[in-house]
Structure formats: C-alpha cells, structure tokens
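Here is the structure we will look at.
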Amino acid sequence: MQTFDSDGVSIAYVDVPPKEGAGEPILLIHGFASNHAVNWVNTSWVRSLTGAGRRVIALDNRGHGRSGKLYEPHDYASDLMAEDARRLLDHLEIPRADVMGYSMGARITAFLALTHPSRVRSAVLGGLGIHLVEGRGLPAGISEAMEAPSRDAVADPTARMFRVFAEQTGSDLRALAACMRGSRQTLSRAEVAQIEVPVLVAVGTADTVAGSGPALAALIPEAKALDIPNRDHNLAVGDKVHKAGVLEFLAARP
C-alpha cells in the first residue's frame with residue numbers, strides 16, 4: 001500500500017490499474033470496522049471493476065486498516081472523512097471520479113458528493129438508505145463493545161458481532177470506539193435534494209441497518225434504487241446482483 005498526508009493524518013490506499021487500457025477512475029470507501037481489503041478485495045469488487053476497465057483507488061479510512069489512528073470522536077466527523085477522500089483525489093491528480101461507498105463509506109460518499117460535486121462523476125451508496133436522513137442505523141452500544149475488556153463481556157448480539165469483526169480485522173478498538181461516536185452525522189432532506197450527481201442507492205432487501213433504499217433515492221434528483229434480493233447488511237456487499245447493478249449504472253451514467 002501507499003500512503004499520503006491528509007492534513008496531518010496518514011491515509012493508506014491502493015491504486016490498481018485496469019486489466020486493459022487507461023481506465024476511468026473509481027474511488028472505493030469502505031464501511032465501519034472494515035478496511036479496503038476486507039470490503040473491496042476479498043469480495044472481488046476490485047477484480048470485477050478492473051476487469052470492466054476501471055482504475056480502482058481504495059483507501060483505508062482514518063482509524064482503520066493501515067491509516068492513522070485518532071482517538072477523539074470529533075476527528076471522525078463525516079465531512080472530515082470526506083475531505084480525506086477529496087485530498088486523495090488531489091494527491092493522485094484525479095480531477096473527477098466515480099465514488100462508491102458502503103455503509104459508513106456511503107455516508108462519507110454522500111457528504112463528498114454534496115460538498116464537492118465537481119469531483120464526483122457519480123456516486124454509489126451501498127448499504128445505506130433513508131437512515132442517511134433519519135439518523136438511525138447501527139444500534140447504540142457498539143462503542144462500548146469496542147471498549148469492553150473482552151468480547152464475552154458484550155451482551156448485545158449486534159454489538160458483539162462488530163467486536164468480533166473488529167478483532168478479526170486486527171483493528172484498533174479504541175480508534176473504532178471514537179469513530180463510532182463521531183461519524184454518524186445525517187443529512188437533511190433539503191441537503192440530499194441538493195446532490196446533483198447521478199446516484200445509485202444499493203441496499204439489501206433484508207438489511208435492517210440501512211433503512212429503505214428507494215425512500216432515499218426518491219429524495220435525490222438523479223438517483224435510482226437497486227434492491228439486492230434477500231441480502232442483509234453484511235451479505236449484500238459482494239452479492240452478484242450488487243455488482244451487476246453497479247457495473248450497469250457506471251456504464252450508463254453520463
């Protein structure tokens with residue numbers, strides 16, 4: 001992996017060329033407690049996108065993977081994390097890219113599309129629906145689960161699942177606790193209505209974390225929804241319907 005300095009925070013990333021040709025760039029932004037490899041490499045997204053002729057850039061968000069770790073919640077505000085993504089495009093001298101995020105990464109993508117529309121050619125919001133606006137999503141207690149003395153001390157099954165996942169990915173638990181407390185900002189209905197770029201909202205039909213994808217897509221002028229049948233928040237990520245829908249969307253957008 002390579003790294004660059006994003007206003008004092010070291011951000012790690014990969015830059016993978018397409019199998020053939022120059023390739024239009026797409027920036028991938030992973031979800032909470034994950035990293036670029038778990039979210040995008042292990043699910044075959046990088047292979048699918050490079051095989052479709054895309055240049056794939058994928059970062060480890062601050063507090064995750066090989067990027068810098070911070071321990072104050074205010075360091076993980078969604079607008080700050082969106083600026084990491086924007087600075088990565090600057091660092092690579094990419095004026096405009098498609099951007100795809102999943103879960104927390106979709107929230108960051110939405111903030112990036114709102115604040116820097118000239119840098120975002122299109123946006124894919126995976127694993128995040130109307131809860132971008134309504135402010136629900138992952139349940140309370142995940143930060144406390146990261147701070148618990150062990151996974152066995154976590155009673156809530158969802159919070160325990162995230163603790164186990166964080167341990168499996170070798171994450172910094174204290175950084176994740178701060179991230180969970182600081183990164184759950186919402187956008188208002190008026191703000192999402194100001195997103196000007198083409199948007200695909202891709203949510204599993206069994207996803208109880210994201211909220212309705214069609215409900216969010218209805219608020220964004222150039223958005224459409226992609227239902228991923230019978231997939232929950234975890235299984236929707238690498239689903240073949242998800243991949244096919246995103247590739248179709250990217251091929252059709254202006």
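Labeling convention for the structure tokens: chains A, B, ... as they appear, residues from 1 per chain, ligands from 1 in order of appearance.
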
Mind the document's chain letters and residue numbers, and return as a VMD selection string the residues of range 123-208 of chain A that DSSP labels strand (DSSP E). chain A and resid 123 to 126 199 to 204

Go ahead and dump the residues you just picked, C-alpha atoms, as a CSV table (one decimal), in the first residue's frame.
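Resulting contents of result_15.csv:
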```csv
chain,number,residue,atom,x,y,z
A,123,ALA,CA,-22.0,8.1,-6.5
A,124,VAL,CA,-22.9,4.6,-5.4
A,125,LEU,CA,-24.4,4.5,-1.9
A,126,GLY,CA,-24.3,0.8,-0.8
A,199,VAL,CA,-26.6,8.3,-7.7
A,200,LEU,CA,-27.3,4.6,-7.3
A,201,VAL,CA,-28.7,3.6,-3.9
A,202,ALA,CA,-28.0,-0.2,-3.4
A,203,VAL,CA,-29.5,-1.9,-0.3
A,204,GLY,CA,-30.3,-5.5,0.5
```

Which residues are close to His131 in chain A, i.e. within 9 Å by only C-alpha atoms, leaving aside same-chain residues fewer than 6 positions away? Reply as a PyMOL selection string. chain A and resi 137+186+209-212+216

Given the selection you just returned, output its residues as a file containing C-alpha atoms, formatted as a PDB file, in the first residue's frame.
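Produced file again21.pdb, reproduced below:
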```
ATOM      1  CA  GLY A 137     -28.662   2.649  11.603  1.00  0.00           C
ATOM      2  CA  THR A 186     -27.015  12.883   8.965  1.00  0.00           C
ATOM      3  CA  VAL A 209     -29.361  -1.353   9.322  1.00  0.00           C
ATOM      4  CA  ALA A 210     -29.544   0.815   6.193  1.00  0.00           C
ATOM      5  CA  GLY A 211     -33.197   1.766   6.011  1.00  0.00           C
ATOM      6  CA  SER A 212     -35.137   1.872   2.758  1.00  0.00           C
ATOM      7  CA  LEU A 216     -33.607   7.693  -0.011  1.00  0.00           C
TER       8      LEU A 216
END
```

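Closest approach to Asn39 in chain A from the set A:Pro17, A:Pro139, A:Gly238, A:Pro149 is made by A:Gly238, with distances taken over only C-alpha atoms.
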
So the first atom is CA of Val46 in chain A and the second is CA of Glu20 in chain A; what is the distance between them in Å, to one decimal place?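 Interatomic distance, CA of Val46 in chain A to CA of Glu20 in chain A: 13.9 Å.
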
Taking only residues of range 32-142 of chain A that have an atom at most 8 Å from an atom of range 164-181 of chain A, what is each one's shortest atom pair and its distance in Å to one decimal, using only C-alpha atoms, in chain and number order, as a tab-separated table?
```
residue	atom	partner	partner_atom	distance
A:Phe32	CA	A:Met180	CA	7.8
A:Ala33	CA	A:Ala166	CA	5.5
A:Ser34	CA	A:Thr169	CA	6.9
A:Asn35	CA	A:Thr169	CA	8.0
A:Val38	CA	A:Thr169	CA	7.9
A:Gly63	CA	A:Ala175	CA	5.4
A:His64	CA	A:Ser171	CA	6.5
A:Gly65	CA	A:Ser171	CA	6.6
A:Lys69	CA	A:Ala175	CA	5.9
A:Leu70	CA	A:Ala175	CA	5.8
A:Tyr71	CA	A:Ala175	CA	5.1
A:Glu72	CA	A:Ala178	CA	5.5
A:Pro73	CA	A:Ala178	CA	4.4
A:Asp75	CA	A:Cys179	CA	7.7
A:Tyr76	CA	A:Cys179	CA	5.3
A:Ile142	CA	A:Met180	CA	7.2
```
